[in-house]
>>> print(open('entry-v6.tsv').read())   # TSV, C-alpha atoms and all ligand atoms
chain	number	residue	atom	x	y	z
A	65	MET	CA	-17.17	-27.03	64.67
A	66	SER	CA	-15.51	-29.05	67.37
A	67	LYS	CA	-12.45	-29.10	65.17
A	68	ARG	CA	-11.81	-25.45	65.80
A	69	SER	CA	-9.74	-25.69	68.92
A	70	HIS	CA	-7.60	-22.81	69.97
A	71	THR	CA	-4.64	-25.10	70.15
A	72	ARG	CA	-5.02	-26.13	66.57
A	73	ILE	CA	-5.42	-22.55	65.38
A	74	ALA	CA	-2.27	-21.57	67.19
A	75	LEU	CA	-0.37	-24.46	65.66
A	76	THR	CA	-1.60	-23.53	62.22
A	77	ALA	CA	-0.54	-19.93	62.63
A	78	THR	CA	2.89	-21.05	63.67
A	79	SER	CA	3.04	-23.38	60.73
A	80	LEU	CA	2.10	-20.65	58.30
A	81	LEU	CA	4.91	-18.52	59.54
A	82	ALA	CA	7.26	-21.39	59.01
A	83	VAL	CA	6.18	-22.09	55.45
A	84	SER	CA	8.91	-20.04	53.87
A	85	ALA	CA	11.41	-21.59	56.22
A	86	LEU	CA	10.81	-25.06	54.82
A	87	MET	CA	9.14	-26.55	57.86
A	88	SER	CA	11.68	-25.49	60.41
A	89	PRO	CA	9.54	-25.56	63.56
A	90	ALA	CA	11.86	-23.26	65.39
A	91	ALA	CA	11.73	-20.61	62.73
A	92	THR	CA	9.68	-17.55	63.51
A	93	ALA	CA	9.64	-15.61	60.31
A	94	SER	CA	9.96	-11.90	60.84
A	95	SER	CA	7.85	-11.08	57.83
A	96	ALA	CA	4.22	-11.92	57.39
A	97	PRO	CA	3.52	-14.95	55.22
A	98	SER	CA	2.99	-13.56	51.77
A	99	GLY	CA	0.58	-16.31	50.88
A	100	ALA	CA	-1.81	-15.84	53.76
A	101	HIS	CA	-3.90	-13.45	51.73
A	102	PHE	CA	-4.24	-13.43	48.02
A	103	GLY	CA	-4.70	-10.62	45.58
A	104	GLY	CA	-7.98	-10.07	43.85
A	105	THR	CA	-7.09	-11.35	40.44
A	106	ALA	CA	-10.43	-12.96	39.88
A	107	ALA	CA	-12.85	-11.33	37.48
A	108	ALA	CA	-15.91	-9.79	39.05
A	109	SER	CA	-18.09	-12.38	37.43
A	110	GLN	CA	-16.36	-15.20	39.20
A	111	PRO	CA	-17.97	-16.58	42.31
A	112	LYS	CA	-16.57	-15.14	45.47
A	113	ALA	CA	-16.52	-18.43	47.27
A	114	TRP	CA	-13.53	-20.64	46.80
A	115	GLY	CA	-11.33	-18.21	45.02
A	116	PRO	CA	-8.95	-16.79	44.13
A	117	ASP	CA	-7.11	-19.48	45.97
A	118	ALA	CA	-4.10	-20.30	43.84
A	119	VAL	CA	-0.72	-18.66	43.91
A	120	ASN	CA	2.20	-19.89	41.90
A	121	THR	CA	5.22	-18.64	43.78
A	122	ALA	CA	7.60	-19.63	41.05
A	123	SER	CA	10.10	-16.99	42.07
A	124	SER	CA	10.22	-18.14	45.68
A	125	ARG	CA	12.22	-20.99	47.11
A	126	GLU	CA	9.63	-23.26	48.61
A	127	GLY	CA	11.18	-26.36	47.19
A	128	THR	CA	13.54	-27.81	44.69
A	129	ALA	CA	12.85	-29.85	41.63
A	130	PRO	CA	12.59	-33.57	42.30
A	131	ALA	CA	15.38	-35.88	41.30
A	132	LYS	CA	13.21	-37.17	38.51
A	133	ALA	CA	15.61	-39.71	37.12
A	134	SER	CA	16.19	-41.49	40.41
A	135	TYR	CA	12.49	-41.47	41.26
A	136	PHE	CA	11.69	-42.99	37.93
A	137	ALA	CA	14.35	-45.61	38.44
A	138	SER	CA	12.88	-46.66	41.77
A	139	TYR	CA	9.19	-46.33	41.18
A	140	GLY	CA	8.55	-45.89	37.50
A	141	LYS	CA	6.86	-42.64	38.43
A	142	VAL	CA	7.84	-39.32	39.93
A	143	VAL	CA	7.17	-39.73	43.63
A	144	LEU	CA	5.88	-36.70	45.47
A	145	TYR	CA	5.81	-36.95	49.23
A	146	TYR	CA	3.11	-35.19	51.16
A	147	ASN	CA	2.94	-34.36	54.84
A	148	ASP	CA	-0.45	-34.11	56.55
A	149	ALA	CA	0.80	-33.60	60.12
A	150	ASN	CA	-0.71	-30.14	60.30
A	151	ALA	CA	-4.05	-31.19	58.87
A	152	PRO	CA	-5.01	-34.08	61.16
A	153	SER	CA	-8.76	-33.61	60.70
A	154	TYR	CA	-8.38	-34.14	56.97
A	155	ARG	CA	-5.95	-37.04	56.99
A	156	SER	CA	-8.32	-39.55	55.45
A	157	LEU	CA	-9.61	-37.03	52.92
A	158	ILE	CA	-6.09	-36.15	51.89
A	159	ALA	CA	-5.36	-39.85	51.46
A	160	SER	CA	-8.49	-40.20	49.33
A	161	ALA	CA	-7.52	-37.21	47.20
A	162	ALA	CA	-4.04	-38.64	46.76
A	163	SER	CA	-5.54	-41.95	45.73
A	164	ILE	CA	-7.74	-40.24	43.16
A	165	TRP	CA	-4.82	-38.39	41.67
A	166	ASN	CA	-2.63	-41.49	41.74
A	167	SER	CA	-5.18	-43.45	39.78
A	168	SER	CA	-5.60	-40.53	37.39
A	169	LEU	CA	-1.97	-40.00	36.49
A	170	THR	CA	0.58	-42.10	34.72
A	171	ARG	CA	3.71	-40.21	35.71
A	172	VAL	CA	3.16	-39.19	39.33
A	173	GLN	CA	2.69	-41.05	42.60
A	174	LEU	CA	1.72	-39.23	45.78
A	175	VAL	CA	3.08	-40.92	48.90
A	176	ARG	CA	2.48	-39.91	52.52
A	177	THR	CA	5.46	-39.08	54.65
A	178	THR	CA	6.08	-37.88	58.18
A	179	GLY	CA	9.13	-36.03	56.92
A	180	SER	CA	9.09	-32.55	55.52
A	181	GLY	CA	7.66	-33.69	52.23
A	182	ASP	CA	7.21	-31.96	48.91
A	183	ILE	CA	3.62	-30.96	49.63
A	184	ARG	CA	2.45	-29.87	53.05
A	185	TYR	CA	-1.17	-29.59	54.18
A	186	TYR	CA	-2.46	-27.30	56.90
A	187	GLU	CA	-5.92	-26.89	58.37
A	188	GLY	CA	-7.49	-23.90	60.06
A	189	ASN	CA	-9.80	-20.94	59.87
A	190	PHE	CA	-8.42	-18.91	57.02
A	191	GLY	CA	-11.23	-16.40	56.72
A	192	ASP	CA	-11.93	-14.84	53.35
A	193	ALA	CA	-8.92	-16.56	51.82
A	194	GLY	CA	-10.58	-19.93	52.35
A	195	SER	CA	-8.71	-22.97	51.15
A	196	THR	CA	-5.61	-22.04	49.23
A	197	ALA	CA	-2.60	-23.45	47.49
A	198	ARG	CA	0.85	-22.07	46.88
A	199	TRP	CA	3.49	-23.73	44.81
A	200	SER	CA	6.90	-22.85	43.53
A	201	SER	CA	7.15	-25.61	40.96
A	202	PRO	CA	4.82	-28.46	40.08
A	203	GLY	CA	4.63	-30.83	43.00
A	204	HIS	CA	6.19	-28.54	45.56
A	205	GLY	CA	4.08	-26.32	47.73
A	206	THR	CA	1.70	-25.83	50.60
A	207	ILE	CA	-2.05	-26.22	50.91
A	208	ASN	CA	-4.38	-24.66	53.44
A	209	ILE	CA	-7.70	-26.39	54.05
A	210	ASP	CA	-10.32	-24.09	55.53
A	211	TYR	CA	-12.86	-25.37	58.05
A	212	ALA	CA	-15.71	-23.12	56.97
A	213	GLN	CA	-15.23	-23.85	53.31
A	214	THR	CA	-15.21	-27.60	53.79
A	215	ASN	CA	-18.39	-27.29	55.84
A	216	THR	CA	-20.08	-25.74	52.82
A	217	TYR	CA	-18.46	-27.50	49.90
A	218	SER	CA	-17.51	-31.12	49.45
A	219	PRO	CA	-14.35	-31.45	51.52
A	220	LEU	CA	-12.93	-34.13	49.24
A	221	ARG	CA	-13.45	-31.92	46.21
A	222	VAL	CA	-11.77	-29.04	48.02
A	223	VAL	CA	-8.75	-31.16	48.96
A	224	ALA	CA	-8.45	-32.72	45.50
A	225	HIS	CA	-8.79	-29.29	43.88
A	226	GLU	CA	-6.07	-27.69	45.98
A	227	THR	CA	-3.85	-30.70	45.40
A	228	GLY	CA	-4.38	-30.19	41.69
A	229	HIS	CA	-2.99	-26.68	41.94
A	230	VAL	CA	0.25	-27.92	43.42
A	231	ILE	CA	0.88	-31.14	41.51
A	232	GLY	CA	-0.50	-29.92	38.21
A	233	SER	CA	0.32	-26.23	38.39
A	234	LEU	CA	-3.28	-25.97	37.27
A	235	PRO	CA	-5.01	-22.59	37.40
A	236	ASP	CA	-8.52	-21.98	38.62
A	237	HIS	CA	-11.30	-22.04	36.07
A	238	TYR	CA	-14.38	-21.14	38.08
A	239	SER	CA	-16.61	-20.91	35.02
A	240	GLY	CA	-16.05	-24.58	34.20
A	241	PRO	CA	-18.52	-27.40	34.79
A	242	CYS	CA	-18.64	-29.66	37.83
A	243	SER	CA	-16.81	-32.32	35.86
A	244	GLU	CA	-13.79	-30.03	35.82
A	245	LEU	CA	-11.98	-30.21	39.16
A	246	MET	CA	-10.37	-26.82	38.79
A	247	SER	CA	-13.76	-25.14	38.50
A	248	GLY	CA	-13.62	-25.35	42.28
A	249	GLY	CA	-16.59	-23.74	43.95
A	250	GLY	CA	-17.83	-22.26	40.68
A	251	PRO	CA	-20.55	-24.85	40.10
A	252	GLY	CA	-21.75	-24.38	43.68
A	253	PRO	CA	-21.82	-26.47	46.85
A	254	GLY	CA	-23.90	-29.15	45.16
A	255	CYS	CA	-20.95	-30.14	43.00
A	256	THR	CA	-19.09	-32.89	44.82
A	257	SER	CA	-16.98	-34.44	42.07
A	258	PRO	CA	-13.39	-34.92	43.28
A	259	TYR	CA	-12.09	-36.18	39.95
A	260	PRO	CA	-9.86	-34.35	37.47
A	261	ASN	CA	-11.11	-34.53	33.91
A	262	ALA	CA	-9.06	-35.88	31.02
A	263	SER	CA	-7.53	-32.52	30.19
A	264	GLU	CA	-6.55	-31.89	33.80
A	265	ARG	CA	-4.96	-35.32	34.05
A	266	GLN	CA	-3.02	-34.83	30.86
A	267	ARG	CA	-1.81	-31.36	31.79
A	268	THR	CA	-0.69	-32.59	35.21
A	269	ASP	CA	1.25	-35.53	33.81
A	270	ALA	CA	2.90	-33.20	31.31
A	271	ASN	CA	4.71	-31.46	34.17
A	272	TYR	CA	6.78	-34.54	34.94
A	301	ZN	ZN	-8.36	-23.14	43.25
>>> encode(input="entry-v6.tsv", output="structure tokens")
Amino acid sequence: MSKRSHTRIALTATSLLAVSALMSPAATASSAPSGAHFGGTAAASQPKAWGPDAVNTASSREGTAPAKASYFASYGKVVLYYNDANAPSYRSLIASAASIWNSSLTRVQLVRTTGSGDIRYYEGNFGDAGSTARWSSPGHGTINIDYAQTNTYSPLRVVAHETGHVIGSLPDHYSGPCSELMSGGGPGPGCTSPYPNASERQRTDANY
């Protein structure tokens, strides 16, 4: 609870407004962030907690496709840079989630950056929306990590799950088992697995 400082909330709100402006700190978007609240696309039978939390903003301009050829030439993998500057409480968890995904994938490498990055994490109190992910193309998007949700569910699973949305363009599948990362909060708070299953790994790699 001590994480919920007013300063941090204010910073997060500012950051949300700047999302569509590609991290320009000076930008004060005149329109409300379209991703702050998400439509009720979930079936009634799906658990309310932890969803719907995924929005593929393919028609927006959150990012551009990576220069895949040059990345491959340098690293042998597509490198995706992530920025955790606006999620300082979750820095180590984000690093752990990145490590899990890195060891799970053959074609993608997540690397931390202090630059704008391809993937940007934010923390805050996001209310009913909870933790969410928005992406315009695989590997390019923003992730909100919600304090209340990570106090109830495994925070590492939450972070790994939201990361999976962005890097894998993976949809939610709340009815899945705990062994499926994209089942999210479906299996309940007792499910702490942060690992993508074989299908999720394969589908994520297939994007690159
Ligand atoms: Zn989700």
>>> closest_atom_pairs(input="entry-v6.tsv", of="chain A", to="ligand ZN 301 (chain A)", cutoff="8 Å", atoms="only C-alpha atoms and all ligand atoms", output="CSV")
residue,atom,partner,partner_atom,distance
A:Trp114,CA,A:ZN301,ZN,6.8
A:Gly115,CA,A:ZN301,ZN,6.0
A:Pro116,CA,A:ZN301,ZN,6.4
A:Asp117,CA,A:ZN301,ZN,4.7
A:Ala118,CA,A:ZN301,ZN,5.2
A:Ser195,CA,A:ZN301,ZN,7.9
A:Thr196,CA,A:ZN301,ZN,6.7
A:Ala197,CA,A:ZN301,ZN,7.2
A:His225,CA,A:ZN301,ZN,6.2
A:Glu226,CA,A:ZN301,ZN,5.8
A:His229,CA,A:ZN301,ZN,6.6
A:Pro235,CA,A:ZN301,ZN,6.8
A:Asp236,CA,A:ZN301,ZN,4.8
A:His237,CA,A:ZN301,ZN,7.8
A:Met246,CA,A:ZN301,ZN,6.1
A:Ser247,CA,A:ZN301,ZN,7.5
A:Gly248,CA,A:ZN301,ZN,5.8
>>> atom_distance(input="entry-v6.tsv", atom1="CA of Pro219 (chain A)", atom2="CA of Lys141 (chain A)")
27.3 Å
>>> atom_distance(input="entry-v6.tsv", atom1="CA of Gly252 (chain A)", atom2="CA of Tyr217 (chain A)")
7.7 Å
>>> closest_residue(input="entry-v6.tsv", among="A:Ala159, A:Cys255, A:Leu234, A:Val175", to="Val143 (chain A)", atoms="only C-alpha atoms")
A:Val175
>>> atom_distance(input="entry-v6.tsv", atom1="CA of Ala224 (chain A)", atom2="CA of His204 (chain A)")
15.2 Å
>>> closest_residue(input="entry-v6.tsv", among="A:Thr214, A:Ser239, A:Ser201, A:Ser168", to="Ser263 (chain A)", atoms="all atoms listed in the file")
A:Ser168
